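So this block is coords25.csv, CSV, C-alpha atoms:
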chain,number,residue,atom,x,y,z
K,22,MET,CA,6.8,10.6,-74.9
K,23,ASN,CA,8.1,10.8,-71.3
K,24,PHE,CA,6.2,11.9,-68.3
K,25,LEU,CA,7.6,15.4,-68.3
K,26,GLU,CA,6.5,15.9,-72.0
K,27,GLN,CA,3.1,14.6,-71.2
K,28,LEU,CA,2.7,16.7,-68.1
K,29,THR,CA,3.8,19.8,-70.0
K,30,ALA,CA,1.3,19.1,-72.8
K,31,GLU,CA,-1.5,18.5,-70.4
K,32,TRP,CA,-0.7,21.6,-68.4
K,33,TYR,CA,-0.6,23.9,-71.5
K,34,GLU,CA,-3.8,22.3,-72.9
K,35,TYR,CA,-5.5,22.8,-69.5
K,36,LYS,CA,-4.5,26.5,-69.7
K,37,GLY,CA,-6.2,26.9,-73.1
K,38,TYR,CA,-3.4,26.1,-75.6
K,39,PHE,CA,-3.6,23.7,-78.5
K,40,CYS,CA,-0.7,21.3,-78.2
K,41,ARG,CA,1.2,18.9,-80.3
K,42,THR,CA,3.9,16.6,-79.1
K,43,ASN,CA,6.9,14.8,-80.6
K,44,ILE,CA,6.8,16.7,-84.0
K,45,ARG,CA,9.5,15.5,-86.3
K,46,PHE,CA,10.9,17.9,-88.8
K,47,GLY,CA,13.5,18.1,-91.6
K,48,LYS,CA,13.2,14.9,-93.5
K,49,THR,CA,16.7,13.6,-94.3
K,50,GLY,CA,15.9,11.7,-97.5
K,51,HIS,CA,16.8,8.3,-96.1
K,52,GLY,CA,13.8,7.8,-93.7
K,53,GLY,CA,15.0,9.9,-90.8
K,54,HIS,CA,14.5,13.4,-89.6
K,55,ILE,CA,16.9,16.2,-88.4
K,56,GLY,CA,15.1,16.5,-85.1
K,57,GLU,CA,12.0,16.4,-83.0
K,58,MET,CA,10.2,19.2,-81.1
K,59,ASP,CA,8.9,17.8,-77.7
K,60,VAL,CA,5.9,20.1,-77.2
K,61,ILE,CA,4.4,22.9,-79.2
K,62,ALA,CA,1.8,25.0,-77.5
K,63,TYR,CA,-0.3,27.6,-79.4
K,64,HIS,CA,-2.8,29.9,-77.9
K,65,PRO,CA,-5.5,30.8,-80.5
K,66,LYS,CA,-6.5,34.1,-78.9
K,67,THR,CA,-3.1,35.6,-78.2
K,68,LYS,CA,-1.4,33.8,-81.1
K,69,GLU,CA,1.4,32.9,-78.7
K,70,PHE,CA,3.5,30.0,-80.0
K,71,ILE,CA,5.7,28.2,-77.4
K,72,HIS,CA,8.3,25.6,-78.3
K,73,ILE,CA,9.1,23.5,-75.2
K,74,GLU,CA,11.9,21.0,-74.8
K,75,CYS,CA,11.8,18.7,-71.8
K,76,SER,CA,14.7,16.7,-70.4
K,77,THR,CA,15.3,14.8,-67.2
K,78,ASP,CA,19.0,14.4,-68.1
K,79,ALA,CA,21.9,14.5,-65.7
K,80,TRP,CA,24.2,16.5,-68.0
K,81,SER,CA,26.3,19.4,-66.8
K,82,TRP,CA,24.9,22.9,-67.5
K,83,LYS,CA,27.6,23.3,-70.1
K,84,GLU,CA,26.4,20.2,-72.0
K,85,LYS,CA,22.7,21.2,-71.6
K,86,LYS,CA,23.5,24.6,-73.2
K,87,LYS,CA,25.0,22.8,-76.2
K,88,VAL,CA,22.2,20.3,-76.6
K,89,PHE,CA,19.3,22.8,-76.1
K,90,THR,CA,20.9,25.4,-78.3
K,91,LYS,CA,21.2,22.9,-81.1
K,92,LYS,CA,17.7,21.5,-80.6
K,93,PHE,CA,16.1,25.0,-80.8
K,94,GLN,CA,18.2,26.3,-83.6
K,95,ASN,CA,17.4,23.2,-85.8
K,96,ALA,CA,13.7,23.4,-85.0
K,97,GLU,CA,13.2,27.1,-85.5
K,98,LYS,CA,14.2,26.8,-89.2
K,99,TYR,CA,11.1,24.6,-89.6
K,100,TYR,CA,8.5,26.6,-87.5
K,101,GLU,CA,6.9,28.1,-90.6
K,102,GLU,CA,7.0,25.0,-92.7
K,103,VAL,CA,5.4,22.8,-90.0
K,104,PHE,CA,3.2,25.5,-88.4
K,105,SER,CA,2.1,27.9,-91.1
K,106,PHE,CA,-0.5,29.8,-89.0
K,107,ASN,CA,-0.1,33.3,-87.6
K,108,LYS,CA,2.3,33.5,-84.7
K,109,LYS,CA,2.6,36.9,-82.9
K,110,LYS,CA,5.0,35.9,-80.2
K,111,ILE,CA,7.4,32.9,-80.3
K,112,LYS,CA,8.8,31.6,-77.0
K,113,LYS,CA,11.4,28.9,-76.3
K,114,ILE,CA,11.4,27.1,-73.0
K,115,ALA,CA,13.6,24.4,-71.7
K,116,ILE,CA,12.2,22.4,-68.7
K,117,THR,CA,15.3,20.7,-67.3
K,118,GLY,CA,17.5,20.3,-64.2
K,119,PHE,CA,16.6,19.4,-60.7
K,120,SER,CA,18.6,22.1,-58.8
K,121,VAL,CA,20.3,25.4,-59.2
K,122,PRO,CA,24.1,25.1,-59.8
K,123,ARG,CA,26.1,26.0,-56.7
K,124,GLN,CA,28.3,28.6,-58.4
K,125,ASN,CA,27.4,31.1,-61.2
K,126,SER,CA,23.9,29.7,-61.3
K,127,GLU,CA,22.4,32.5,-63.3
K,128,LYS,CA,25.2,32.3,-65.9
K,129,LYS,CA,25.2,28.5,-66.1
K,130,MET,CA,21.4,28.3,-66.4
K,131,ASP,CA,21.3,30.9,-69.2
K,132,LEU,CA,21.0,28.8,-72.3
K,133,GLY,CA,21.2,31.8,-74.5
K,134,ASN,CA,19.3,32.4,-77.8
K,135,GLY,CA,16.1,33.6,-75.9
K,136,ILE,CA,15.6,30.2,-74.3
K,137,LYS,CA,13.9,30.4,-70.9
K,138,THR,CA,15.0,27.8,-68.4
K,139,ILE,CA,12.6,26.3,-65.9
K,140,LEU,CA,13.8,23.8,-63.4
K,141,ILE,CA,11.7,20.6,-63.2
K,142,PRO,CA,10.9,21.0,-59.5
K,143,GLU,CA,9.7,24.6,-60.0
K,144,PHE,CA,7.5,23.6,-62.9
K,145,VAL,CA,5.9,20.6,-61.1
K,146,SER,CA,5.5,22.5,-57.8
K,147,SER,CA,3.8,25.5,-59.6
K,148,ILE,CA,1.3,23.1,-61.1
K,149,ALA,CA,0.8,21.3,-57.8
K,150,ASP,CA,0.3,24.6,-56.0
K,151,GLU,CA,-2.4,25.8,-58.4
K,152,LEU,CA,-4.2,22.4,-58.4
K,153,SER,CA,-4.0,22.0,-54.7
K,154,ARG,CA,-6.6,24.8,-54.3
K,155,ILE,CA,-9.2,23.1,-56.6
K,156,ASP,CA,-11.6,20.7,-54.8
K,157,PRO,CA,-11.8,17.6,-57.0
K,158,TRP,CA,-15.4,17.1,-56.1
K,159,TYR,CA,-16.5,20.5,-57.3
K,160,CYS,CA,-14.2,21.1,-60.2
K,161,ALA,CA,-12.9,17.9,-61.5
K,162,ILE,CA,-10.2,17.9,-64.1
K,163,ASP,CA,-11.1,15.4,-66.8
K,164,GLU,CA,-9.0,12.4,-66.1
K,165,SER,CA,-9.4,10.9,-69.6
K,166,SER,CA,-7.8,14.0,-71.1
K,167,TYR,CA,-5.5,15.0,-68.3
K,168,PRO,CA,-4.6,11.9,-66.2
K,169,LEU,CA,-1.4,13.4,-64.7
K,170,LEU,CA,-3.1,16.7,-63.8
K,171,ARG,CA,-6.0,14.8,-62.2
K,172,SER,CA,-3.6,12.7,-60.1
K,173,ILE,CA,-1.8,15.9,-59.0
K,174,GLN,CA,-5.1,17.5,-58.2
K,175,TYR,CA,-6.2,14.7,-56.0
K,176,GLY,CA,-2.9,14.2,-54.3
K,177,THR,CA,-2.2,17.9,-53.5
K,178,PHE,CA,-5.8,18.8,-52.6
K,179,TYR,CA,-6.1,16.1,-50.0
K,180,LEU,CA,-2.5,16.6,-48.7
K,181,ALA,CA,-3.2,20.3,-48.3
K,182,ARG,CA,-6.5,19.4,-46.5
K,183,LYS,CA,-4.7,17.0,-44.2
K,184,LEU,CA,-2.0,19.6,-43.4
K,185,ARG,CA,-4.6,22.2,-42.6
K,186,ALA,CA,-6.4,19.8,-40.2
K,187,LYS,CA,-3.2,19.0,-38.5
K,188,GLU,CA,-2.3,22.7,-38.2
K,189,LYS,CA,-5.7,23.4,-36.7
K,190,LYS,CA,-5.3,20.6,-34.2
K,191,ASN,CA,-1.9,21.9,-33.1
K,192,LYS,CA,-3.4,25.4,-32.6
K,193,LEU,CA,-6.2,24.0,-30.5
K,194,GLN,CA,-3.6,22.1,-28.3
K,195,ILE,CA,-1.6,25.3,-27.9
K,196,LEU,CA,-4.8,27.3,-26.9
K,197,GLU,CA,-5.9,24.6,-24.4
K,198,GLY,CA,-2.5,24.4,-22.8
K,199,PRO,CA,-0.7,21.4,-21.4
K,200,LYS,CA,-2.8,18.4,-20.4
K,201,LYS,CA,-2.8,17.4,-16.7

I'd like the structure from this file rewritten - as structure tokens, please.
Amino acid sequence: MNFLEQLTAEWYEYKGYFCRTNIRFGKTGHGGHIGEMDVIAYHPKTKEFIHIECSTDAWSWKEKKKVFTKKFQNAEKYYEEVFSFNKKKIKKIAITGFSVPRQNSEKKMDLGNGIKTILIPEFVSSIADELSRIDPWYCAIDESSYPLLRSIQYGTFYLARKLRAKEKKNKLQILEGPKK
């Protein structure tokens, strides 16, 4: 499991989902499998089932579309066999890419087949933004269960605190005027 898969599983678990990672499906008969689902997140109250594929690849968006379409199409044939519980809503998410394509970005990033695309920086920064507001001394994220989230919580909270202190200092200097 790579860091992005681990971060995704930790985040969804932290948000109340039950998660499984690296689920192989479709035995081939000679010891292999047709594919693997990176992260499955299931919310027991809402019955929401989310299949998430994570990739830090450097492929073109055209290549990403081929790869992700195949991964999701292969996997969805096995959702019921591998996960036989009640699913009210099924979502497919691809967390991939580091920047928006320069031209036709909406079209290129549309992977089709109901797959929602989330850029890696957007995903990581949304987590960091939320965790930066949680004081680690008063609401600690369990580091044995969520080591990546705990690291992000510490780093972003203290960075935000440092930036606020610097901003306050700059405001005071402006109010006091130039030193003689």

Check the smallest atom-to-atom distance from each of K:Glu69, K:Glu101, K:Asp131, K:Asp163 to Trp82 in chain K using only C-alpha atoms, then report the winner.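 Using only C-alpha atoms, the shortest distance to Trp82 in chain K belongs to K:Asp131.
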
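Considering the residues K:Val121, K:Ile116, K:Ile55, K:Val145 and counting all atoms listed in the file, Lys91 in chain K has its shortest atom-to-atom contact with K:Ile55.
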
Could you check the closest approach to Glu84 in chain K for each of K:Lys137, K:Arg123, K:Lys110, K:Lys129 and tell me which residue wins, using only C-alpha atoms?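 Closest residue, counting only C-alpha atoms: K:Lys129.
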
CA of Ala79 in chain K to CA of Gln124 in chain K: how many Å, to one decimal?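 Separation between CA of Ala79 in chain K and CA of Gln124 in chain K: 17.1 Å.
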
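The space separating CA of His64 in chain K from CA of Tyr38 in chain K comes to 4.5 Å.
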
Tell me which residues come within 12 Å of (11.7, 31.6, -79.8), as a VMD selection string, counting only C-alpha atoms in the file's coordinates. chain K and resid 61 69 to 74 90 92 to 98 100 108 to 115 133 to 137

K:Gly47, K:Phe144, K:Leu152, K:Gly53: which is nearest Glu26 in chain K, counting all atoms listed in the file? K:Phe144

One decimal place gives the CA of Ser165 in chain K-CA of Phe106 in chain K separation as 28.5 Å

Non-local contacts of Ile148 in chain K (10 Å; all atoms listed in the file; under 4 positions in same chain excluded) as number ranges by chain: K: 28-29, 32, 142-144, 152-153, 170, 173-174, 177

Show which residues sit within 8 Å of Phe178 in chain K, as a PyMOL selection string. Count only C-alpha atoms, and ignore same-chain residues fewer than 3 positions away. chain K and resi 152-157+174-175+181-182

Quick one: of K:Leu193, K:Cys40, K:Val103, K:Leu132, who's nearest to Lys85 in chain K, counting only C-alpha atoms?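 Closest candidate: K:Leu132.
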
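Of the listed residues K:Gly37, K:His51, K:Ser126, K:Ser146, the one whose atoms come nearest to Lys66 in chain K is K:Gly37, with distances taken using all atoms listed in the file.
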
Range 47-64 of chain K rebuilt with N, CA and C atoms, output as a short mmCIF file (atom, residue, chain, number, x, y, z; two decimals), in the coordinates of the input:
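For reference, selection-v3.cif as written:
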data_model
loop_
_atom_site.label_atom_id
_atom_site.label_comp_id
_atom_site.auth_asym_id
_atom_site.auth_seq_id
_atom_site.Cartn_x
_atom_site.Cartn_y
_atom_site.Cartn_z
N GLY K 47 12.29 18.21 -90.74
CA GLY K 47 13.50 18.10 -91.60
C GLY K 47 13.79 16.72 -92.05
N LYS K 48 13.00 16.22 -92.98
CA LYS K 48 13.20 14.90 -93.50
C LYS K 48 14.65 14.84 -94.13
N THR K 49 15.34 13.75 -93.85
CA THR K 49 16.70 13.60 -94.30
C THR K 49 16.85 12.97 -95.67
N GLY K 50 15.79 12.34 -96.15
CA GLY K 50 15.90 11.70 -97.50
C GLY K 50 16.15 10.20 -97.36
N HIS K 51 16.57 9.72 -96.23
CA HIS K 51 16.80 8.30 -96.10
C HIS K 51 15.99 7.74 -94.88
N GLY K 52 14.77 8.30 -94.72
CA GLY K 52 13.80 7.80 -93.70
C GLY K 52 13.90 8.43 -92.36
N GLY K 53 14.84 9.29 -92.15
CA GLY K 53 15.00 9.90 -90.80
C GLY K 53 14.59 11.39 -90.85
N HIS K 54 14.82 12.02 -89.72
CA HIS K 54 14.50 13.40 -89.60
C HIS K 54 15.70 14.10 -88.83
N ILE K 55 15.84 15.40 -89.06
CA ILE K 55 16.90 16.20 -88.40
C ILE K 55 16.66 16.23 -86.89
N GLY K 56 15.39 16.36 -86.52
CA GLY K 56 15.10 16.50 -85.10
C GLY K 56 13.62 16.33 -84.79
N GLU K 57 13.32 16.57 -83.51
CA GLU K 57 12.00 16.40 -83.00
C GLU K 57 11.71 17.53 -81.98
N MET K 58 10.56 18.17 -82.07
CA MET K 58 10.20 19.20 -81.10
C MET K 58 9.30 18.42 -80.03
N ASP K 59 9.67 18.56 -78.76
CA ASP K 59 8.90 17.80 -77.70
C ASP K 59 7.49 18.28 -77.59
N VAL K 60 7.28 19.58 -77.35
CA VAL K 60 5.90 20.10 -77.20
C VAL K 60 5.84 21.47 -77.87
N ILE K 61 4.78 21.63 -78.64
CA ILE K 61 4.40 22.90 -79.20
C ILE K 61 3.08 23.31 -78.62
N ALA K 62 3.01 24.50 -78.03
CA ALA K 62 1.80 25.00 -77.50
C ALA K 62 1.42 26.30 -78.21
N TYR K 63 0.18 26.39 -78.67
CA TYR K 63 -0.30 27.60 -79.40
C TYR K 63 -1.58 28.06 -78.81
N HIS K 64 -1.62 29.34 -78.45
CA HIS K 64 -2.80 29.90 -77.90
C HIS K 64 -3.58 30.64 -79.03
#
